[in-house]
Amino acid sequence: MQYQSTRNSKINVSSAQAIKKGISEDGGLFVPVSIPQITLDEIVSLSEMSYVERAGNVLARFLTDYTGDEIKKCTTSAYTAEKFASADIAPVRKLSDSAYVLELWHGPTCAFKDMALQILPHLLTAAIKKTGENKEVVILVATSGDTGKAALEGFKDVDGTKIQVFYPAHGVSEIQKLQMTTQEGGNVSVVAVEGNFDDAQTGVKKIFGDKEFADVLSKRGCTLSSANSINWGRLVPQIVYYFSAYCDMLKNGEIKPGDKINICVPTGNFGNILAAYYAKKMGLPVKKLICASNSNNVLTDFIATGTYDKNRTFHTTISPSMDIIISSNLERLLFIMSDGNDELIKEYMSSLAADGKYTVSDEIEKKIKDEFYAGYCSDEMTKKEIKKIYDKYSYVVDTHTAVGLKVYEDYVNETGDTAKTVIASTANPFKFNKSVLSAITEGKNLDELNEFELLDLLAETSNMEIPYSLGSLKGKEIRFKTVCSKEDMKAQTDKFLS
Ligand SMILES: *Cc1c(COP(=O)(O)O)cnc(C)c1O
């Protein structure tokens with residue numbers, strides 16, 4: 001299977017090269033030239049398998065230049081009982097006759113990013129060997145909070161790699177910040193950026209695009225790569241859990257083979273929901289994809305109007321991992337929807353860079369509307385939703401998952417669709433303890449409580465256990481205190497690598 005750049009069909013690479021490079025030199029994203037297919041019979045047989053086996057099966061269809069043994073080594077090293085608190089890895093929890101929550105946060109950092117970032121370092125180190133790379137691979141990450149920690153945890157002390165993470169100084173939760181600034185490992189660096197996530201992401205993209213700097217680093221024996229969801233190695237492991245959810249529902253008799261389900265995803269950079277769309281294109285029986293946003297509702301507007309316009313106010317919300325205005329992975333969707341029209345994608349992306357907006361053709365707009373429903377939810381409604389779910393089901397969800405549940409409800413009210421729906425649950429509620437607590441404990445003053453008292457209170461209220469990786473942050477040494485301006489990011493990378 002060959003991969004190409006979304007902006008230039010003449011740039012062709014293998015999957016190992018796509019994963020090693022992270023992003024194409026023309027600024028485009030790597031996409032498979034065709035989408036592998038899976039039959040219903042094959043899906044049925046997957047339902048008898050473990051998560052690791054399901055992952056191996058799906059990955060092998062995309063990563064055709066990896067041997068069976070290499071893939072097996074990656075999947076068995078990533079999805080272990082030591083790293084995941086649930087034996088099912090990504091269990092499905094039935095909320096009602098139509099709503100099924102896919103819990104993607106049982107990994108070491110308590111957010112769904114672990115599903116991909118626990119396996120990416122293995123895929124990447126295999127890729128380094130396969131492609132005969134002799135340079136050290138340096139991972140640069142811009143994070144809205146969860147990717148950074150998940151990538152640090154995945155890459156810490158991995159031979160032949162270094163990792164540097166940039167996070168918005170005022171855009172992440174206290175726990176997220178502590179998780180990153182206390183990170184262990186000899187090959188890691190963490191820097192706060194004065195700005196929001198988009199500033200950090202733009203800064204990292206600039207460093208990637210700086211050819212002169214790449215030459216300097218090359219002389220030092222380093223080559224840059226990305227662990228953001230622009231890297232194909234992030235996307236492909238995310239396709240797995242949508243198959244896995246369907247298989248679990250088959251196995252439990254909730255659906256029959258061929259029954260179509262909806263998938264609802266709280267969305268930021270459009271990576272997670274894009275993985276669901278790939279699953280559908282491969283042959284997973286899916287009806288609608290429901291794209292849920294917070295008040296940074298650029299995607300809701302885009303899907304409604306066909307115009308993507310980033311010229312808008314940035315909102316800092318209680319679902320910070322979705323505070324994103326430039327959803328990078330949309331480029332891959334546009335590529336598929338335009339039947340691989342690289343010239344057109346290049347045009348849209350130039351227009352986004354120059355004017356901050358673009359409008360897709362009527363045909364593409366219609367195709368997107370056929371596949372996707374989009375909605376958004378304010379902070380106030382998010383909190384109401386957390387309370388509602390808690391009262392109704394004695395189940396506590398985090399702020400991102402609540403956005404998904406609320407938009408799903410709006411979808412049902414608007415369409416009357418009763419099809420069974422999988423809602424992606426993207427974070428453990430303990431990670432966003434204060435907002436979650438303020439939603440479910442009415443009138444309680446939480447301002448006096450520190451992070452760890454908040455964790456205790458949430459454990460008491462929810463009857464859930466504090467995840468070990470969060471509770472154990474208490475008393476850990478803060479290793480990283482650097483704050484830089486967005487103009488200073490390259491200098492930070494330079495310093496880290498000198
Ligand atoms: C990253 C993240 C999202 C957004 O996922 P995308 O793939 O960027 O759309 C949603 N919720 C949580 C908790 C996240 O960490």
# chains A, B, ... in the order shown; residues from 1 in each chain; ligands from 1
call {"tool": "select_by_dssp", "arguments": {"residues": "segment 361-449 of chain A", "states": "helix (DSSP H, G or I)", "output": "VMD selection string"}}
result
chain A and resid 362 to 371 379 to 393 399 to 415 429 to 440
call {"tool": "select_by_dssp", "arguments": {"residues": "segment 172-279 of chain A", "states": "strand (DSSP E or B)", "output": "JSON, numbers by chain"}}
result
{"A": [188, 189, 190, 191, 192, 193, 194, 222, 223, 224, 225, 226, 261, 262, 263, 264, 265, 266]}
call {"tool": "closest_residue", "arguments": {"among": "A:Leu120, A:Ala402, A:Ala127, A:Ala16", "to": "ligand 1", "atoms": "only C-alpha atoms and all ligand atoms"}}
result
A:Ala402
call {"tool": "residues_around", "arguments": {"residues": "segment 324-329 of chain A", "least_positions_apart": "3", "cutoff": "6 Å", "atoms": "only C-alpha atoms", "output": "PDB file with N, CA, C and O atoms, in the first residue's frame"}}
result
ATOM      1  N   GLY A 268     -11.857  17.843  18.093  1.00  0.00           N
ATOM      2  CA  GLY A 268     -10.994  19.015  18.123  1.00  0.00           C
ATOM      3  C   GLY A 268     -10.222  19.114  16.821  1.00  0.00           C
ATOM      4  O   GLY A 268     -10.567  19.841  15.895  1.00  0.00           O
ATOM      5  N   ASN A 269      -9.161  18.315  16.725  1.00  0.00           N
ATOM      6  CA  ASN A 269      -8.310  18.337  15.535  1.00  0.00           C
ATOM      7  C   ASN A 269      -8.849  17.437  14.419  1.00  0.00           C
ATOM      8  O   ASN A 269      -8.207  17.254  13.402  1.00  0.00           O
ATOM      9  N   PHE A 270     -10.004  16.826  14.626  1.00  0.00           N
ATOM     10  CA  PHE A 270     -10.700  15.987  13.641  1.00  0.00           C
ATOM     11  C   PHE A 270     -10.004  14.638  13.394  1.00  0.00           C
ATOM     12  O   PHE A 270     -10.274  13.959  12.423  1.00  0.00           O
ATOM     13  N   GLY A 271      -9.112  14.230  14.327  1.00  0.00           N
ATOM     14  CA  GLY A 271      -8.415  12.965  14.123  1.00  0.00           C
ATOM     15  C   GLY A 271      -9.279  11.762  14.492  1.00  0.00           C
ATOM     16  O   GLY A 271      -9.399  10.806  13.718  1.00  0.00           O
ATOM     17  N   LYS A 310     -11.540  30.405   9.994  1.00  0.00           N
ATOM     18  CA  LYS A 310     -10.879  30.419  11.306  1.00  0.00           C
ATOM     19  C   LYS A 310     -10.819  31.814  11.921  1.00  0.00           C
ATOM     20  O   LYS A 310     -10.321  31.993  13.025  1.00  0.00           O
ATOM     21  N   ARG A 332      -7.490  15.657   5.371  1.00  0.00           N
ATOM     22  CA  ARG A 332      -7.587  14.272   4.866  1.00  0.00           C
ATOM     23  C   ARG A 332      -9.013  13.952   4.418  1.00  0.00           C
ATOM     24  O   ARG A 332      -9.221  13.248   3.434  1.00  0.00           O
TER      25      ARG A 332
END
call {"tool": "closest_residue", "arguments": {"among": "A:Asp301, A:Glu53, A:Asp157, A:Glu184", "to": "Phe480 of chain A", "atoms": "only C-alpha atoms"}}
result
A:Glu184
call {"tool": "residues_around", "arguments": {"residues": "segment 346-358 of chain A", "least_positions_apart": "5", "cutoff": "6 Å", "atoms": "only C-alpha atoms", "output": "list in words"}}
result
Arg7, Thr307, Tyr308, Asp309 and Lys310 of chain A
call {"tool": "write_last_selection", "arguments": {"atoms": "N, CA and C atoms", "output": "tab-separated table (two decimals), in the first residue's frame"}}
result
chain	number	residue	atom	x	y	z
A	7	ARG	N	-1.44	17.02	-0.85
A	7	ARG	CA	-1.27	18.19	-1.71
A	7	ARG	C	-0.47	17.88	-2.97
A	307	THR	N	-18.24	26.53	4.31
A	307	THR	CA	-17.13	27.48	4.46
A	307	THR	C	-16.41	27.23	5.77
A	308	TYR	N	-15.09	27.06	5.67
A	308	TYR	CA	-14.27	26.92	6.86
A	308	TYR	C	-13.66	28.28	7.12
A	309	ASP	N	-13.94	28.86	8.28
A	309	ASP	CA	-13.45	30.21	8.56
A	309	ASP	C	-12.85	30.28	9.96
A	310	LYS	N	-11.54	30.40	9.99
A	310	LYS	CA	-10.88	30.42	11.31
A	310	LYS	C	-10.82	31.81	11.92
call {"tool": "closest_residue", "arguments": {"among": "A:Lys20, A:Lys444, A:Lys281, A:Lys476", "to": "Thr125 of chain A", "atoms": "only C-alpha atoms"}}
result
A:Lys20
call {"tool": "atom_distance", "arguments": {"atom1": "atom CA of Leu104 of chain A", "atom2": "atom CA of Glu409 of chain A"}}
result
20.4 Å
call {"tool": "closest_residue", "arguments": {"among": "A:Cys264, A:Cys110, A:Ile43, A:Ala81", "to": "Tyr468 of chain A", "atoms": "only C-alpha atoms"}}
result
A:Cys110
call {"tool": "residues_around", "arguments": {"residues": "segment 231-242 of chain A", "least_positions_apart": "2", "cutoff": "7 Å", "atoms": "only C-alpha atoms", "output": "MDAnalysis selection string"}}
result
chainID A and resid 18:19 22:23 30 54:55 58:59 90 115:117 120 226:229 244:246 271:272 275:276 278:279
call {"tool": "closest_residue", "arguments": {"among": "A:Gly443, A:Pro266, A:Gly283, A:Gly68", "to": "ligand 1", "atoms": "only C-alpha atoms and all ligand atoms"}}
result
A:Pro266
call {"tool": "atom_distance", "arguments": {"atom1": "atom CA of Val286 of chain A", "atom2": "atom CA of Val403 of chain A"}}
result
20.8 Å
call {"tool": "closest_residue", "arguments": {"among": "A:Ser485, A:Arg479, A:Gly171, A:Glu254", "to": "Gly186 of chain A", "atoms": "only C-alpha atoms"}}
result
A:Arg479
call {"tool": "atom_distance", "arguments": {"atom1": "atom CA of Glu48 of chain A", "atom2": "atom CA of Gly258 of chain A"}}
result
16.2 Å
call {"tool": "residues_around", "arguments": {"residues": "Thr161 of chain A", "least_positions_apart": "5", "cutoff": "7 Å", "atoms": "only C-alpha atoms", "output": "VMD selection string"}}
result
chain A and resid 136 to 138
call {"tool": "write_last_selection", "arguments": {"atoms": "N, CA, C and O atoms", "output": "PDB file, in the first residue's frame"}}
result
ATOM      1  N   GLU A 136      18.962  10.246  14.856  1.00  0.00           N
ATOM      2  CA  GLU A 136      18.060  10.201  15.992  1.00  0.00           C
ATOM      3  C   GLU A 136      16.746  10.903  15.580  1.00  0.00           C
ATOM      4  O   GLU A 136      16.786  11.978  14.985  1.00  0.00           O
ATOM      5  N   VAL A 137      15.604  10.295  15.863  1.00  0.00           N
ATOM      6  CA  VAL A 137      14.328  10.899  15.494  1.00  0.00           C
ATOM      7  C   VAL A 137      13.820  11.757  16.653  1.00  0.00           C
ATOM      8  O   VAL A 137      13.682  11.271  17.779  1.00  0.00           O
ATOM      9  N   VAL A 138      13.600  13.035  16.360  1.00  0.00           N
ATOM     10  CA  VAL A 138      13.158  13.966  17.396  1.00  0.00           C
ATOM     11  C   VAL A 138      11.682  14.288  17.177  1.00  0.00           C
ATOM     12  O   VAL A 138      11.292  14.821  16.142  1.00  0.00           O
TER      13      VAL A 138
END
call {"tool": "decode", "arguments": {"residues": "segment 360-381 of chain A", "atoms": "N, CA and C atoms", "output": "tab-separated table (two decimals), in the first residue's frame"}}
result
chain	number	residue	atom	x	y	z
A	360	VAL	N	-15.63	25.02	0.19
A	360	VAL	CA	-15.53	23.84	-0.67
A	360	VAL	C	-16.61	23.87	-1.75
A	361	SER	N	-16.43	23.05	-2.79
A	361	SER	CA	-17.41	22.99	-3.88
A	361	SER	C	-18.74	22.46	-3.35
A	362	ASP	N	-19.81	22.75	-4.08
A	362	ASP	CA	-21.14	22.27	-3.66
A	362	ASP	C	-21.17	20.76	-3.54
A	363	GLU	N	-20.45	20.11	-4.46
A	363	GLU	CA	-20.45	18.65	-4.46
A	363	GLU	C	-19.82	18.10	-3.17
A	364	ILE	N	-18.68	18.68	-2.80
A	364	ILE	CA	-18.01	18.22	-1.57
A	364	ILE	C	-18.88	18.54	-0.36
A	365	GLU	N	-19.46	19.72	-0.36
A	365	GLU	CA	-20.32	20.11	0.77
A	365	GLU	C	-21.45	19.09	0.94
A	366	LYS	N	-22.05	18.71	-0.16
A	366	LYS	CA	-23.17	17.77	-0.08
A	366	LYS	C	-22.70	16.40	0.41
A	367	LYS	N	-21.57	15.95	-0.12
A	367	LYS	CA	-21.05	14.64	0.31
A	367	LYS	C	-20.79	14.62	1.81
A	368	ILE	N	-20.21	15.71	2.32
A	368	ILE	CA	-19.91	15.78	3.76
A	368	ILE	C	-21.21	15.75	4.56
A	369	LYS	N	-22.21	16.50	4.08
A	369	LYS	CA	-23.50	16.54	4.81
A	369	LYS	C	-24.17	15.17	4.84
A	370	ASP	N	-23.98	14.39	3.78
A	370	ASP	CA	-24.58	13.06	3.74
A	370	ASP	C	-24.00	12.16	4.82
A	371	GLU	N	-22.73	12.36	5.13
A	371	GLU	CA	-22.05	11.46	6.06
A	371	GLU	C	-22.06	11.96	7.50
A	372	PHE	N	-22.03	13.30	7.65
A	372	PHE	CA	-21.82	13.88	8.98
A	372	PHE	C	-23.01	14.72	9.45
A	373	TYR	N	-23.27	14.63	10.75
A	373	TYR	CA	-24.14	15.58	11.43
A	373	TYR	C	-23.22	16.35	12.38
A	374	ALA	N	-23.44	17.66	12.53
A	374	ALA	CA	-22.55	18.40	13.43
A	374	ALA	C	-23.35	19.27	14.38
A	375	GLY	N	-22.87	19.40	15.61
A	375	GLY	CA	-23.51	20.27	16.58
A	375	GLY	C	-22.49	20.72	17.60
A	376	TYR	N	-22.89	21.67	18.46
A	376	TYR	CA	-21.95	22.10	19.49
A	376	TYR	C	-22.69	22.38	20.78
A	377	CYS	N	-21.92	22.63	21.82
A	377	CYS	CA	-22.48	22.70	23.16
A	377	CYS	C	-21.65	23.67	24.00
A	378	SER	N	-22.33	24.59	24.70
A	378	SER	CA	-21.63	25.57	25.55
A	378	SER	C	-21.14	24.92	26.84
A	379	ASP	N	-20.30	25.64	27.59
A	379	ASP	CA	-19.84	25.13	28.89
A	379	ASP	C	-21.02	24.88	29.83
A	380	GLU	N	-21.98	25.79	29.82
A	380	GLU	CA	-23.11	25.68	30.72
A	380	GLU	C	-23.89	24.39	30.42
A	381	MET	N	-24.14	24.15	29.15
A	381	MET	CA	-24.87	22.94	28.76
A	381	MET	C	-24.04	21.68	29.04
